[in-house]
Structure formats: structure tokens, C-alpha cells
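Colleague: One structure follows; several queries about it will come next.
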Amino acid sequence: MVNRKLAKVSTFRYKILATVFIVLAGGLVLLPKHEKHEGIKPELLLANLISTERYISTDILADKIINNDPSFILIDVRNEESYSNFTIGDALNIPLEKFLDEVSINYLDQNQYDIIFISNDNFYAEQAWMLGSRLGFKNLHVLEGGINKWFNTIINPKKPTETMPEEQFVLYSNRKAASMFFGVAYPEQFKPAKKDKAIVKTKQPAPPKKVIKVKKKKKAPAEGGC
Amino acid sequence: MNIEKNNRTVYWNPYFGGFLLGILIILTFYITGRGLGATGALKSGVVAVVDAVAPTHAANNAYYSKFIPEEKSVLDSWLVFEAIGVILGAIISGGLSGRIAWKIQRSPKITNRRRLIFAIGGGILFGLGAQIARGCTSGAGLSGMSVLSTGGFITVISIFGAGYLAAYFFRKNWI
Amino acid sequence: MGPLLPNGIIPTEWDSLIAILIGLVFGFILESSGFSSSRKLAGVFYGYDFAVLKVFFTAALVALIGMYYMDYLGYMDLAQLYVHPTYLWGAIIGGIIMGVGFVSAGFCPGTSLCALAIGKIDAFAYVGGALIGIFIFSELFTLFQPLYDGTFLGNVTLMDTFDINPYWFVFIFTLIAILIFVISDLIRKRTKKQVYN
């Protein structure tokens, strides 16, 4: 009895198979389409966003520049005018509006360097970080407080008052040393003492330009079948 | 007639074979990101031989030099390993169904010699054509069609189209 | 998310082993489907056996539908797959030459390897011929180069070329394939059967 039923089914087997194929292929047409996410998932992005790991303090940055640390690239995301007025170290200028240009992507989408975004404060740097993270770029960082904080801490450090703890004095002397590296003149450096506390030189003693070789991202092996 | 002799020409249902092959193609793409191939291994073989016999000639030839990697051997390529696998797989399958035997398969109407000459001729044409089209029925056809490559479809249509047009002239070999 | 090797989920050291395993299964399926028999293969051109057509189109269909579902469900990124490049005239003329070779010898390279493995001497002759063919092409490469490198359209898919919806295309392709299967069965019933093994 079962066998007979099976035999009956098996005579239709090709029709059944054909139907299955058509249903499956039709399913593809009828399934609701959703937009695919380019880059990383929103949940991961949110997790990265909440985490403060992306911030780099001005002291660490100053330290990196002074020690000629080759592992990072500074990217100034302000407009060209502000960039030409002042920037930190040998930062590259990639204004936000040019963020997605092919040339910029070559610098941003890589795995070799730590990228540190800088702007006047956190704002534009954060936007650049967000955009880059969304696209799945790696090793992106933001200079905490931006160039404003850079000025207040490194270029023009506040002298701690007598009552402040010991560490503050250490920090101050470090910062002062750093600011001298960046070309700030202090009164005690010169014999004829100047009245002004510190003069920020507009021209920097141009540190040697880092040659950044950006390796093209390795694509999947483009080798044919035959 | 014993069962074993019968078994020799009993092949899988073509739809079943096709289904498994389709699954394999999906798996291959899922794991490696590219499809199957066969002529690539033959090409590596030719390049390896020429490179061993006349290295300077191979380096000067614009085509060979494309396929001579700097650090490793020519034969150390994905497609060569795959071809080795194909041969092993066929031996296993043929061995299980008792199909392994030295023989020349031909239509009873033609001689062995004719069959071999046409096989060599067909091989030369296929080798040549596969290089021009950058792929054979597996590389360009199967794998190309699976990712909807335009070139893959064109190649398949050309192969079967030319095959049907030429079939008349070769009919004596087969029917 | 696939593909696994390009995305570094499987280390590349496994590459060769995976190649052998995939080849093993490929060879097994081809041989078991009867692709080691040149007379079975050639049957597609004379109407006495459509195994090639059926295996070929079923495989393409299963792969297409399967991969689109995997892409849809997020297991695999179709955009990352290797797309066979399109060199228009190379594909056409190469295909024509291969077609003639196919009818002449009854093998294509993949199937010839299977036939060779189970001891078909004509397959050895065929593989030898294919090696000679590749050798001729390479030696005369300068002659073939305009054809080989010409009319490059990129690694394009049918969607790029004809601007069609891939899902609809898969659906229509399925219908066409089933139609071809039905027609091929009708033709085979009218053709004189050939005995071969």
C-alpha cells in the first residue's frame, strides 16, 4: 500500500521538483527587500560610540609627536583655511566634505596606522570618526578636546598654583617641555627677560614630513576559475 | 549478467548530480569566494614545463610570465590542487562502481585511431578556446553562470551554439 | 559571513587542503553523473542523452537560487564573489572554438580529468591535446593578444549589462531551465537510443 503510494508520487517527482524550484525562485522575487547595511552593524557602532577608547589626550599626542612615533597619522578635518593657519604637527588635511573622495579613502581605509582626527574641538573630529566607523574603517581615534585643548594644555600650559599636588607640577613641566618642542618661547629661555609670558610662533620648526605609504587593501584573489 | 556489470553504466539521476553539484558550487563560493575550474590546472602544467625547460623563454613570453609567481612554484596554485582532487574523486567514484579500466571509448562505427585523433584535435581546440575565453565549461560556464557573469553566459551560449552547429559534421563519430 | 577565505575566517594555510577536498567532491559528482563517458556527453548534441544539459542547468539553478537566499539571509556577500570577467569577443570566439572541440572530442577539461582518472585512453589523448592547445596559444600570444585583451567590459554581471532585477532574472531563468528539461525529454524520446558504456 505504502509502496504503491510511493510509486504514484515518484511518477510525479519531476513535476514536484520543478514546482519546488519555481516556488523557491518565486520566493526570491516576492520576499520583501531590505536595504543592506554597508559597513558595520548599528549595534556595534553604538557600542563603539559609547566607549571612550577612541579618545586620545593631548599629552599622549604630544608625546607621540616628540618621540617621532611612526605608527599614527594625524588627520585635520577642518577646512583648508583653518588648516593652513595652524595645525598640529604634520597633520594631513581632509576636510569633512572631501571625506569620501577616493584619495581620502585610501588614507582612511587601511590597517597600518592609527588615525587621529583633529578639529577645533571634538565636534567635527567626532563626525569624521562616526562616518569612518560606519564604513568599517579601523584604528580611528579622536583628539580629545581638539586643537583648543591642545593650545590650553600643550602650547600654553597653565602654571599650577603652589597648593596643587605634586603630579600637577610634573605634568606642567612635561607640557612646558613639549611646548618648547613645538616652538613656544619662554621668558626664562632668554637672557633679556621678556614681559610676555609665551609667544606662540605661527611658523613651526617643520618636523620632517612623514612619508606615508598607504598599502592598497588586499582584495580577494582575483583569479579565475579556469 | 551479474549485477556488477550492470552497474557500470548506471549513473546518478542527472538532476540529483546537478543538485549536488549546485550545492558544491555554493559551498565553494561560500568558502573561497570563487568558483570551480579545470583548465587553470592544465595551464599551470604547461607553464611549469616550459619554465623548467626554457626559463628565459618563459620569462620573456608575455603570457607565461603572467602566471609565474615570484616566490612559489607555478604548480602551487589553488586550481592545481583542485584538479588533483578531481582526479582522486573520480577514481573513488569509478572504483566504487567498478568503472576503472583501460579502454578507448568510441562509437562502434569508427576506429580507435580515428577516435584518438579527434580526441587530440578536440583537446587542442578546447585548450586554445579556453585560453581565449579565459575559462572552460566549469570556470566560465558553471561558476560564471552562478554569479550571473555576462561573460560566463556568453561563453556558454557560444560553446553550445557552436557545438550544435558543428554536430552535423562530426556525427559519424558518435551516432 | 562568507566568503570565508577572503574574509580571513579560515586562515589561508588551509587553502590547498580545501582545494583538494572541493576537487574531490567535484570529481566524484562528475564521474557519478556519467561525465567520464564521452559518448554520454556528446549525446547532448545528437539528442540521445541530455545528462550534460540537465546536470549543468540544475547545478547552475541550485547554485543561483541558493546563493541568492544566502545573500538575502546575510550568510554571504555576493558582492565579494569573484565574477568572471567579460571580454566580449574573446568569450564569443573562444566559446565557438571550444564548442567545436567539444563535439569533436566529447570532453571538456573537467570531465576529461575524470575520464582520465578511470583509465580512458582517449581522455589521455584529449588532455595531451589540451596541453598542446594551451602551448600553441601561449607561444602565439602576441597574435591572440588583441582578441584576448580586447573589448573588455569589466567583471560585469547580467544586472550591470542589461540593468535587470536579479531576482526576476533568477525566476525567469528557472522557468526557462525547466522548459529546456521538458523539451530535452521530448526530443530524447524521439531519438534512436544509443548503446554505450
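Residues are referred to by chain and number: the chain letter is A, B, ... according to the order shown in the C-alpha cells, the number counts from 1 in that chain, and ligands are numbered separately from 1 in the order shown.
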Could the residues of chain B within 8 Å of chain A, counting only C-alpha atoms, be given as a CSV table (one decimal) with C-alpha atoms, in the first residue's frame, please?
Modeller:
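selection_16.csv, written as the output of this step:
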```
chain,number,residue,atom,x,y,z
B,33,GLY,CA,34.8,33.4,-2.9
B,34,ARG,CA,35.4,32.0,-6.4
B,35,GLY,CA,34.2,29.1,-8.4
B,36,LEU,CA,35.4,25.8,-9.7
B,37,GLY,CA,37.8,25.3,-12.6
B,38,ALA,CA,39.7,22.8,-14.6
B,39,THR,CA,41.7,24.3,-17.4
B,40,GLY,CA,43.6,26.5,-15.0
B,41,ALA,CA,45.5,23.4,-13.7
B,79,LEU,CA,43.4,25.1,-9.3
B,130,ALA,CA,39.6,28.1,-23.1
B,134,ARG,CA,39.6,32.7,-20.0
B,135,GLY,CA,37.7,29.7,-18.9
B,136,CYS,CA,36.1,26.5,-19.9
B,138,SER,CA,33.4,24.8,-15.4
B,139,GLY,CA,35.3,28.0,-14.9
B,140,ALA,CA,33.4,30.3,-17.2
B,143,SER,CA,31.0,29.3,-12.0
```
Colleague: Could you please tell me, as a ChimeraX atom specification, which residues of chain A have an atom within 6 Å of chain C when using only C-alpha atoms?
Modeller: /A:25-26,28-29,220
Colleague: Have a look at atom CA of Lys176 of chain A and atom CA of Asn68 of chain A and let me know their distance in Å, one decimal.
Modeller: 18.0 Å
Colleague: Once DSSP has gone over the backbone, tell me which residues of chain C are in alpha helix (DSSP H), as number ranges by chain.
Modeller: C: 15-32, 38-46, 51-73, 88-105, 109-117, 121-139, 141-149, 158-162, 166-190
Colleague: Can you list, as a PyMOL selection string, every protein, DNA or RNA residue that comes within 8 Å of segment 109-126 of chain B when you count only C-alpha atoms, leaving out same-chain residues fewer than 2 positions away?
Modeller: (chain B and resi 104+106-107+128-130+136+172-173) or (chain C and resi 97-106+108-109+122-123+125-134)
Colleague: Provide the atom CA of Lys149 of chain A to atom CA of Ser71 of chain A distance in Å, to one decimal place.
Modeller: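 Computing the Euclidean distance for atom CA of Lys149 of chain A and atom CA of Ser71 of chain A yields 22.6 Å.
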Colleague: Find the residues of segment 81-100 of chain B that sit at most 12 Å from segment 67-77 of chain B; for each, write down the nearest two atoms and how far apart they are in Å, to one decimal. Count only C-alpha atoms. Sort by chain, then by number going up, and give it as a tab-separated table.
Modeller:
```
residue	atom	partner	partner_atom	distance
B:Phe81	CA	B:Ser77	CA	6.6
B:Glu82	CA	B:Ser77	CA	8.7
B:Ala83	CA	B:Ser77	CA	10.2
B:Ile84	CA	B:Leu75	CA	11.0
```
Colleague: Include N, CA and C atoms and write out the residues we just selected as a PDB file, in the first residue's frame.
Modeller:
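Writing the result to again.pdb gives the following:
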```pdb
ATOM      1  N   PHE B  81      45.692  22.051  -7.127  1.00  0.00           N
ATOM      2  CA  PHE B  81      45.237  21.172  -6.055  1.00  0.00           C
ATOM      3  C   PHE B  81      43.821  20.687  -6.316  1.00  0.00           C
ATOM      4  N   GLU B  82      43.003  21.593  -6.828  1.00  0.00           N
ATOM      5  CA  GLU B  82      41.637  21.199  -7.122  1.00  0.00           C
ATOM      6  C   GLU B  82      41.614  20.102  -8.173  1.00  0.00           C
ATOM      7  N   ALA B  83      42.454  20.240  -9.221  1.00  0.00           N
ATOM      8  CA  ALA B  83      42.490  19.228 -10.280  1.00  0.00           C
ATOM      9  C   ALA B  83      42.942  17.881  -9.731  1.00  0.00           C
ATOM     10  N   ILE B  84      43.922  17.917  -8.805  1.00  0.00           N
ATOM     11  CA  ILE B  84      44.349  16.658  -8.175  1.00  0.00           C
ATOM     12  C   ILE B  84      43.159  16.026  -7.459  1.00  0.00           C
TER      13      ILE B  84
END
```
Colleague: Name the residues in contact with Ala59 of chain C at a cut-off of 12 Å, using only C-alpha atoms, excluding same-chain residues fewer than 6 positions from it; report them as a VMD selection string.
Modeller: (chain A and resid 21) or (chain B and resid 14 to 26 138 141 to 146) or (chain C and resid 26 29 to 30 33 51 to 53 65 to 67 174 177)
Colleague: One decimal, in Å: what's the spacing between atom CA of Pro70 of chain A and atom CA of Asn139 of chain A?
Modeller: 14.3 Å
Colleague: I want to know what sits within 9 Å of Ala101 of chain B, based on only C-alpha atoms, with residues of the same chain fewer than 6 positions away left out; could you give that as a list in words?
Modeller: Ile118, Gly119 and Lys120 of chain C
Colleague: Out of segment 69-197 of chain C, which residues get strand (DSSP E or B) from DSSP, as a PyMOL selection string?
Modeller: chain C and resi 76+86-87+120+152-154+157
Colleague: Would you write out those residues with N, CA and C atoms, as a PDB file, in the first residue's frame?
Modeller:
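Once everything was written out, this is again.pdb:
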```pdb
ATOM      1  N   MET C  76      26.208  35.385   3.239  1.00  0.00           N
ATOM      2  CA  MET C  76      27.267  35.533   2.250  1.00  0.00           C
ATOM      3  C   MET C  76      27.056  36.858   1.527  1.00  0.00           C
ATOM      4  N   THR C  86      34.334  39.848 -18.389  1.00  0.00           N
ATOM      5  CA  THR C  86      33.728  39.756 -19.712  1.00  0.00           C
ATOM      6  C   THR C  86      34.614  40.425 -20.741  1.00  0.00           C
ATOM      7  N   TYR C  87      35.178  39.610 -21.621  1.00  0.00           N
ATOM      8  CA  TYR C  87      35.861  40.120 -22.802  1.00  0.00           C
ATOM      9  C   TYR C  87      35.004  39.649 -23.969  1.00  0.00           C
ATOM     10  N   LYS C 120      40.416   6.014 -19.201  1.00  0.00           N
ATOM     11  CA  LYS C 120      40.040   6.147 -20.613  1.00  0.00           C
ATOM     12  C   LYS C 120      41.241   6.698 -21.388  1.00  0.00           C
ATOM     13  N   PHE C 152      37.153  44.633 -23.452  1.00  0.00           N
ATOM     14  CA  PHE C 152      36.967  44.310 -22.034  1.00  0.00           C
ATOM     15  C   PHE C 152      35.810  45.126 -21.469  1.00  0.00           C
ATOM     16  N   LEU C 153      34.838  44.432 -20.927  1.00  0.00           N
ATOM     17  CA  LEU C 153      33.676  45.137 -20.374  1.00  0.00           C
ATOM     18  C   LEU C 153      33.705  45.161 -18.851  1.00  0.00           C
ATOM     19  N   GLY C 154      34.755  44.623 -18.259  1.00  0.00           N
ATOM     20  CA  GLY C 154      34.827  44.602 -16.799  1.00  0.00           C
ATOM     21  C   GLY C 154      34.282  43.302 -16.247  1.00  0.00           C
ATOM     22  N   THR C 157      28.188  41.636 -14.367  1.00  0.00           N
ATOM     23  CA  THR C 157      27.148  40.627 -14.306  1.00  0.00           C
ATOM     24  C   THR C 157      26.019  41.048 -15.240  1.00  0.00           C
TER      25      THR C 157
END
```
